[in-house]
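Peer 1: Next comes the structure file target_15.pdb, holding PDB, C-alpha atoms and all ligand atoms.
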ATOM      1  CA  MET A   1      58.725 119.149  59.701
ATOM      2  CA  ILE A   2      58.591 122.926  59.347
ATOM      3  CA  ARG A   3      55.029 122.915  60.681
ATOM      4  CA  PHE A   4      56.198 120.868  63.669
ATOM      5  CA  LEU A   5      59.104 123.203  64.326
ATOM      6  CA  LYS A   6      56.827 126.210  64.065
ATOM      7  CA  ASP A   7      54.378 124.704  66.569
ATOM      8  CA  PHE A   8      57.239 123.788  68.840
ATOM      9  CA  ILE A   9      58.734 127.287  68.725
ATOM     10  CA  SER A  10      55.342 128.873  69.276
ATOM     11  CA  LEU A  11      55.026 126.949  72.568
ATOM     12  CA  PHE A  12      57.754 129.187  73.897
ATOM     13  CA  TYR A  13      57.326 132.253  71.704
ATOM     14  CA  PRO A  14      53.636 132.374  70.867
ATOM     15  CA  GLU A  15      52.770 134.810  68.079
ATOM     16  CA  VAL A  16      50.697 137.632  69.437
ATOM     17  CA  CYS A  17      48.572 140.388  67.972
ATOM     18  CA  ILE A  18      50.727 143.503  67.454
ATOM     19  CA  THR A  19      47.854 145.701  68.613
ATOM     20  CA  CYS A  20      46.274 143.977  71.626
ATOM     21  CA  GLY A  21      48.840 141.333  72.569
ATOM     22  CA  GLU A  22      46.367 138.434  72.475
ATOM     23  CA  GLY A  23      47.632 135.136  71.047
ATOM     24  CA  LEU A  24      47.011 134.697  67.328
ATOM     25  CA  ALA A  25      44.929 131.842  65.945
ATOM     26  CA  GLU A  26      46.403 129.707  63.166
ATOM     27  CA  LYS A  27      44.956 131.665  60.221
ATOM     28  CA  GLU A  28      45.586 135.097  61.732
ATOM     29  CA  GLU A  29      48.637 137.109  60.661
ATOM     30  CA  SER A  30      50.180 140.065  62.553
ATOM     31  CA  ILE A  31      46.922 141.201  64.147
ATOM     32  CA  CYS A  32      43.930 139.291  65.508
ATOM     33  CA  THR A  33      40.522 139.189  63.842
ATOM     34  CA  SER A  34      38.887 141.448  66.397
ATOM     35  CA  CYS A  35      41.565 144.167  65.919
ATOM     36  CA  PHE A  36      41.330 143.687  62.152
ATOM     37  CA  TYR A  37      37.635 144.576  62.248
ATOM     38  CA  LYS A  38      38.447 147.730  64.195
ATOM     39  CA  LEU A  39      40.592 149.097  61.350
ATOM     40  CA  PRO A  40      38.976 152.293  59.985
ATOM     41  CA  LYS A  41      38.674 151.176  56.383
ATOM     42  CA  THR A  42      37.889 153.787  53.730
ATOM     43  CA  ASP A  43      36.164 151.486  51.232
ATOM     44  CA  TYR A  44      37.324 154.051  48.619
ATOM     45  CA  HIS A  45      37.834 151.418  45.918
ATOM     46  CA  ASN A  46      34.057 151.046  45.772
ATOM     47  CA  PHE A  47      33.561 154.806  45.368
ATOM     48  CA  PRO A  48      35.439 156.025  42.272
ATOM     49  CA  ASN A  49      34.742 159.674  43.045
ATOM     50  CA  ASN A  50      36.091 159.488  46.601
ATOM     51  CA  THR A  51      37.861 162.250  48.547
ATOM     52  CA  LEU A  52      41.328 160.951  47.750
ATOM     53  CA  TYR A  53      40.566 160.788  44.031
ATOM     54  CA  LYS A  54      39.241 164.342  44.159
ATOM     55  CA  THR A  55      42.433 165.682  45.741
ATOM     56  CA  PHE A  56      44.129 165.011  42.390
ATOM     57  CA  TYR A  57      41.665 167.137  40.396
ATOM     58  CA  GLY A  58      43.624 169.613  38.304
ATOM     59  CA  ARG A  59      46.905 168.248  39.620
ATOM     60  CA  ALA A  60      47.516 164.923  37.915
ATOM     61  CA  GLU A  61      45.759 162.608  35.511
ATOM     62  CA  ILE A  62      44.758 159.404  37.279
ATOM     63  CA  GLN A  63      42.282 156.629  36.729
ATOM     64  CA  ALA A  64      41.499 155.647  40.317
ATOM     65  CA  ALA A  65      42.645 156.326  43.869
ATOM     66  CA  ALA A  66      42.145 154.192  46.957
ATOM     67  CA  ALA A  67      43.485 153.773  50.468
ATOM     68  CA  PHE A  68      42.982 150.832  52.805
ATOM     69  CA  CYS A  69      42.416 152.870  55.983
ATOM     70  CA  TYR A  70      41.992 156.361  57.307
ATOM     71  CA  TYR A  71      45.115 157.493  59.105
ATOM     72  CA  ALA A  72      44.977 159.786  62.122
ATOM     73  CA  LYS A  73      47.502 160.778  64.760
ATOM     74  CA  GLY A  74      47.444 158.472  67.757
ATOM     75  CA  SER A  75      45.314 155.907  65.948
ATOM     76  CA  MET A  76      45.852 152.169  65.710
ATOM     77  CA  VAL A  77      46.716 152.565  62.009
ATOM     78  CA  GLN A  78      49.454 155.060  62.854
ATOM     79  CA  GLU A  79      50.929 152.618  65.375
ATOM     80  CA  LEU A  80      50.830 149.769  62.886
ATOM     81  CA  VAL A  81      52.438 151.777  60.078
ATOM     82  CA  HIS A  82      55.078 152.926  62.572
ATOM     83  CA  GLU A  83      55.847 149.261  63.290
ATOM     84  CA  VAL A  84      56.299 148.633  59.575
ATOM     85  CA  LYS A  85      58.542 151.666  59.007
ATOM     86  CA  TYR A  86      60.644 151.908  62.115
ATOM     87  CA  ASN A  87      60.405 148.591  63.913
ATOM     88  CA  GLY A  88      61.395 146.169  61.189
ATOM     89  CA  LYS A  89      57.918 144.641  60.836
ATOM     90  CA  LYS A  90      58.185 144.058  57.092
ATOM     91  CA  GLU A  91      55.739 141.160  57.251
ATOM     92  CA  LEU A  92      53.062 143.498  58.621
ATOM     93  CA  GLY A  93      53.582 145.718  55.561
ATOM     94  CA  THR A  94      53.082 142.654  53.360
ATOM     95  CA  CYS A  95      49.964 141.728  55.373
ATOM     96  CA  PHE A  96      48.480 145.152  54.672
ATOM     97  CA  GLY A  97      49.022 144.425  50.982
ATOM     98  CA  LYS A  98      47.366 141.009  51.214
ATOM     99  CA  TRP A  99      44.399 142.393  53.132
ATOM    100  CA  TYR A 100      43.830 145.221  50.708
ATOM    101  CA  GLY A 101      44.565 143.009  47.714
ATOM    102  CA  MET A 102      41.621 140.801  48.721
ATOM    103  CA  GLU A 103      39.355 143.831  48.474
ATOM    104  CA  LEU A 104      40.851 145.341  45.318
ATOM    105  CA  LYS A 105      41.276 142.297  43.127
ATOM    106  CA  GLY A 106      37.715 142.036  41.816
ATOM    107  CA  VAL A 107      37.111 145.770  41.464
ATOM    108  CA  SER A 108      37.693 147.648  38.198
ATOM    109  CA  PRO A 109      40.074 149.287  37.316
ATOM    110  CA  PHE A 110      42.205 147.533  39.953
ATOM    111  CA  SER A 111      41.336 144.191  38.358
ATOM    112  CA  GLU A 112      42.987 145.248  35.080
ATOM    113  CA  LEU A 113      46.473 146.212  36.238
ATOM    114  CA  ASP A 114      49.704 145.280  34.473
ATOM    115  CA  PHE A 115      52.204 146.386  37.132
ATOM    116  CA  ILE A 116      52.390 147.567  40.724
ATOM    117  CA  ILE A 117      55.153 150.107  41.405
ATOM    118  CA  PRO A 118      56.162 151.152  44.930
ATOM    119  CA  VAL A 119      57.205 154.762  45.571
ATOM    120  CA  PRO A 120      60.979 154.423  45.980
ATOM    121  CA  LEU A 121      62.864 155.475  49.091
ATOM    122  CA  HIS A 122      65.977 157.531  48.699
ATOM    123  CA  PRO A 123      68.945 155.105  48.462
ATOM    124  CA  LYS A 124      70.444 156.493  51.689
ATOM    125  CA  LYS A 125      67.228 155.891  53.573
ATOM    126  CA  LEU A 126      66.880 152.465  52.001
ATOM    127  CA  LYS A 127      70.359 151.580  53.177
ATOM    128  CA  ARG A 128      69.624 152.780  56.711
ATOM    129  CA  ARG A 129      66.247 151.021  56.976
ATOM    130  CA  GLY A 130      67.224 147.964  54.957
ATOM    131  CA  TYR A 131      63.914 147.795  53.103
ATOM    132  CA  ASN A 132      61.255 149.961  51.503
ATOM    133  CA  GLN A 133      57.972 149.716  53.415
ATOM    134  CA  SER A 134      56.005 150.602  50.269
ATOM    135  CA  ALA A 135      57.659 147.688  48.464
ATOM    136  CA  CYS A 136      56.473 145.351  51.270
ATOM    137  CA  PHE A 137      52.915 146.636  50.756
ATOM    138  CA  ALA A 138      53.370 146.142  46.984
ATOM    139  CA  GLN A 139      54.524 142.532  47.496
ATOM    140  CA  GLY A 140      51.419 141.693  49.527
ATOM    141  CA  LEU A 141      49.133 143.228  46.913
ATOM    142  CA  SER A 142      51.028 141.384  44.195
ATOM    143  CA  GLN A 143      50.667 137.973  45.875
ATOM    144  CA  VAL A 144      46.898 138.271  46.145
ATOM    145  CA  MET A 145      46.143 140.203  42.955
ATOM    146  CA  LYS A 146      48.571 138.197  40.783
ATOM    147  CA  VAL A 147      50.022 141.385  39.338
ATOM    148  CA  PRO A 148      53.824 141.690  39.151
ATOM    149  CA  VAL A 149      55.760 144.369  41.039
ATOM    150  CA  LEU A 150      58.038 146.512  38.891
ATOM    151  CA  GLU A 151      60.565 147.595  41.543
ATOM    152  CA  ASN A 152      62.425 150.181  39.474
ATOM    153  CA  GLY A 153      59.452 151.529  37.565
ATOM    154  CA  ILE A 154      59.971 154.858  39.313
ATOM    155  CA  LYS A 155      63.426 156.164  40.194
ATOM    156  CA  ARG A 156      64.371 158.895  42.616
ATOM    157  CA  GLN A 157      66.713 161.547  41.286
ATOM    158  CA  LYS A 158      67.782 163.576  44.292
ATOM    159  CA  ASP A 159      67.569 163.644  48.048
ATOM    160  CA  THR A 160      64.605 165.541  49.442
ATOM    161  CA  GLU A 161      64.166 167.235  52.730
ATOM    162  CA  THR A 162      61.640 165.722  55.064
ATOM    163  CA  GLN A 163      58.055 166.471  54.088
ATOM    164  CA  THR A 164      56.728 166.914  57.613
ATOM    165  CA  ASN A 165      55.474 170.395  58.524
ATOM    166  CA  LYS A 166      55.384 171.644  54.977
ATOM    167  CA  SER A 167      52.433 173.215  53.225
ATOM    168  CA  ARG A 168      50.990 171.524  50.162
ATOM    169  CA  PHE A 169      52.761 173.967  47.825
ATOM    170  CA  ALA A 170      56.074 173.622  49.668
ATOM    171  CA  ARG A 171      55.756 169.840  49.494
ATOM    172  CA  TRP A 172      55.093 169.977  45.788
ATOM    173  CA  GLU A 173      58.082 172.270  45.187
ATOM    174  CA  ASN A 174      60.108 169.800  47.196
ATOM    175  CA  VAL A 175      59.266 166.704  45.162
ATOM    176  CA  LYS A 176      58.264 167.775  41.658
ATOM    177  CA  ASP A 177      61.631 167.038  40.042
ATOM    178  CA  VAL A 178      62.523 164.110  42.229
ATOM    179  CA  PHE A 179      61.024 161.186  40.327
ATOM    180  CA  GLU A 180      61.484 159.789  36.856
ATOM    181  CA  ALA A 181      60.244 156.628  35.175
ATOM    182  CA  GLY A 182      62.564 153.648  34.967
ATOM    183  CA  ASN A 183      62.134 150.565  32.752
ATOM    184  CA  ILE A 184      60.435 152.766  30.181
ATOM    185  CA  GLU A 185      60.030 150.066  27.493
ATOM    186  CA  GLN A 186      58.108 147.876  29.916
ATOM    187  CA  LEU A 187      55.786 150.707  30.898
ATOM    188  CA  GLN A 188      54.487 151.513  27.422
ATOM    189  CA  ASP A 189      50.691 151.379  27.228
ATOM    190  CA  LYS A 190      50.401 149.636  30.604
ATOM    191  CA  ASN A 191      47.927 150.070  33.465
ATOM    192  CA  ILE A 192      49.965 150.934  36.544
ATOM    193  CA  LEU A 193      49.181 151.061  40.258
ATOM    194  CA  ILE A 194      51.576 153.235  42.294
ATOM    195  CA  VAL A 195      51.632 152.380  45.999
ATOM    196  CA  ASP A 196      52.886 154.160  49.092
ATOM    197  CA  ASP A 197      52.457 153.626  52.832
ATOM    198  CA  ILE A 198      50.746 156.943  53.602
ATOM    199  CA  ILE A 199      49.208 159.641  51.429
ATOM    200  CA  THR A 200      48.980 163.058  53.083
ATOM    201  CA  THR A 201      48.796 165.960  50.610
ATOM    202  CA  GLY A 202      49.412 163.653  47.668
ATOM    203  CA  ALA A 203      52.463 165.676  46.532
ATOM    204  CA  THR A 204      54.737 162.632  46.285
ATOM    205  CA  MET A 205      52.097 160.671  44.379
ATOM    206  CA  GLU A 206      51.458 163.632  42.110
ATOM    207  CA  ALA A 207      55.131 163.760  41.134
ATOM    208  CA  CYS A 208      55.216 159.982  40.538
ATOM    209  CA  ILE A 209      52.033 160.110  38.429
ATOM    210  CA  HIS A 210      53.515 162.847  36.227
ATOM    211  CA  ALA A 211      56.709 160.840  35.787
ATOM    212  CA  LEU A 212      54.793 157.753  34.614
ATOM    213  CA  ASN A 213      52.341 159.614  32.392
ATOM    214  CA  ALA A 214      55.295 161.351  30.720
ATOM    215  CA  ALA A 215      56.822 157.930  30.047
ATOM    216  CA  GLY A 216      53.829 156.738  28.002
ATOM    217  CA  VAL A 217      51.779 154.507  30.295
ATOM    218  CA  LYS A 218      48.124 153.813  29.495
ATOM    219  CA  SER A 219      46.764 154.652  32.944
ATOM    220  CA  VAL A 220      47.908 155.346  36.484
ATOM    221  CA  SER A 221      46.007 154.550  39.670
ATOM    222  CA  VAL A 222      47.219 154.988  43.239
ATOM    223  CA  ALA A 223      46.740 153.109  46.513
ATOM    224  CA  SER A 224      48.126 153.426  50.023
ATOM    225  CA  ILE A 225      47.816 151.783  53.418
ATOM    226  CA  GLY A 226      46.693 155.023  55.076
ATOM    227  CA  TYR A 227      45.177 158.301  53.994
ATOM    228  CA  VAL A 228      45.385 161.402  56.169
ATOM    229  CA  THR A 229      42.137 163.327  55.852
ATOM    230  CA  ASP A 230      39.782 165.408  57.938
ATOM    231  CA  GLU A 231      36.923 163.291  56.677
ATOM    232  CA  LEU A 232      37.144 160.667  59.411
ATOM    233  CA  VAL A 233      34.818 157.855  60.259
TER     234      VAL A 233
HETATM  235 ZN    ZN B 301      44.299 142.100  68.579
END
Represent the structure from my file as structure tokens, please.
Peer 2:
Amino acid sequence: MIRFLKDFISLFYPEVCITCGEGLAEKEESICTSCFYKLPKTDYHNFPNNTLYKTFYGRAEIQAAAAFCYYAKGSMVQELVHEVKYNGKKELGTCFGKWYGMELKGVSPFSELDFIIPVPLHPKKLKRRGYNQSACFAQGLSQVMKVPVLENGIKRQKDTETQTNKSRFARWENVKDVFEAGNIEQLQDKNILIVDDIITTGATMEACIHALNAAGVKSVSVASIGYVTDELV
């Protein structure tokens, strides 16, 4: 019945690719296959010593770092992430998680995770937006990787100014005391993946990693939808 209704509705409101506007085939979600193959994937999960991992040298103790795509201004990835954050397209955020989950699930150490924890939004921002885009990404990863999401594994302590147009040091000063671990008993000796929509300087991640390591986890890895780097494809 639901299938029938869906088909019926799609006669009048066909689902289209967010990027190119072409109609979607039955198995396609959010974007079409041809746009999907145009995504500038980093493949970082297959290269443990990748650029993103190296940005944490001397800053925070992590096991692995990966990002689904490179993220550049004016790119298709920027448009898509914008849709997730500001246009209510939660399901696209979840799709990003499912797509990347397919790639991560068989690759160590991502195959040995106990929990996925999204970087939390400030409560005021969460109230305004109605959802946390990083939590949508986490849900998609969770569905495919069969690893539970621990929503309150990291808590935000105070409001921060916007990170845009700040140097790496200024960003770090801005966030270093912002995060603390929540659900500490559950975190003990666990392998954790922290996820965010975009990683730029890594300052937010760095603060989250410190918070979890201080709480007694076994290992922390990080993953995002996009990574802002000069090293572009
Ligand atoms: Zn398309």
Peer 1: Using all atoms listed in the file, can you tell me which of A:Glu22, A:Glu206, A:Glu15, A:Glu180 comes closest to ligand ZN 301 (chain B)?
Peer 2: A:Glu22
Peer 1: Which residues are near ligand ZN 301 (chain B) in this structure, taking near to mean any atom at most 12 Å from a ligand atom and counting all atoms listed in the file? Format them as JSON, numbers by chain.
Peer 2: {"A": [15, 16, 17, 18, 19, 20, 21, 22, 23, 24, 25, 28, 29, 30, 31, 32, 33, 34, 35, 36, 37, 38, 39, 76, 80]}
Peer 1: In Å to one decimal, how far is atom CA of A:Asn132 from atom CA of A:Lys218?
Peer 2: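 Separation of atom CA of A:Lys218 and atom CA of A:Asn132: 25.9 Å.
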Peer 1: What does the structure give for the distance between atom CA of A:Leu212 and atom CA of A:Phe68, in Å to one decimal?
Peer 2: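 Going from atom CA of A:Leu212 over to atom CA of A:Phe68, I get 22.8 Å.
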Peer 1: Would you mind listing, for every residue of stretch 137-215 of chain A within 7 Å of stretch 112-128 of chain A, the two atoms forming the shortest contact and the distance between them in Å to one decimal, using only C-alpha atoms, sorted by chain and ascending residue number, as a tab-separated table?
Peer 2:
residue	atom	partner	partner_atom	distance
A:Ala138	CA	A:Pro118	CA	6.1
A:Val147	CA	A:Phe115	CA	5.9
A:Pro148	CA	A:Phe115	CA	5.4
A:Val149	CA	A:Ile116	CA	4.7
A:Leu150	CA	A:Ile117	CA	5.3
A:Glu151	CA	A:Ile117	CA	6.0
A:Gly153	CA	A:Ile117	CA	5.9
A:Ile154	CA	A:Pro120	CA	6.8
A:Lys155	CA	A:Pro120	CA	6.5
A:Arg156	CA	A:His122	CA	6.4
A:Asp159	CA	A:His122	CA	6.4
A:Lys190	CA	A:Asp114	CA	5.9
A:Asn191	CA	A:Leu113	CA	5.0
A:Ile192	CA	A:Phe115	CA	5.1
A:Leu193	CA	A:Ile116	CA	4.8
A:Ile194	CA	A:Ile117	CA	4.8
A:Val195	CA	A:Pro118	CA	4.8
A:Asp196	CA	A:Val119	CA	5.6
Peer 1: Between atom CA of A:Lys176 and atom CA of A:Lys85, measure the distance and give it in Å to one decimal.
Peer 2: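 Calculated distance between atom CA of A:Lys176 and atom CA of A:Lys85 is 23.7 Å.
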Peer 1: When you look at A:Thr51 with a cut-off of 10 Å (counting all atoms listed in the file), what residues show up, excluding the ones that are within fewer than 6 positions of it in the same chain? I need them as a compact mmCIF listing (two decimals) with C-alpha atoms, keeping the file's coordinate frame.
Peer 2:
# COMPACT_ATOMS: atom_id res chain seq x y z
CA THR A 42 37.89 153.79 53.73
CA TYR A 44 37.32 154.05 48.62
CA ALA A 65 42.64 156.33 43.87
CA ALA A 66 42.14 154.19 46.96
CA TYR A 227 45.18 158.30 53.99
CA THR A 229 42.14 163.33 55.85
CA GLU A 231 36.92 163.29 56.68
Peer 1: Using only C-alpha atoms, find the one residue out of A:Thr55, A:Thr94, A:Ser219, A:Gln133 that sits nearest to A:Arg168.
Peer 2: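 With only C-alpha atoms as the atom set, the closest residue is A:Thr55.
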Peer 1: Report as a list of chain:residue names the full result of the PyMOL selection byres (((chain A and resi 144) around 8) and not hetatm) when it is applied to this structure.
Peer 2: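 On this input, the PyMOL selection byres (((chain A and resi 144) around 8) and not hetatm) captures A:Lys98, A:Gly101, A:Met102, A:Lys105, A:Gly140, A:Leu141, A:Ser142, A:Gln143, A:Met145, A:Lys146.
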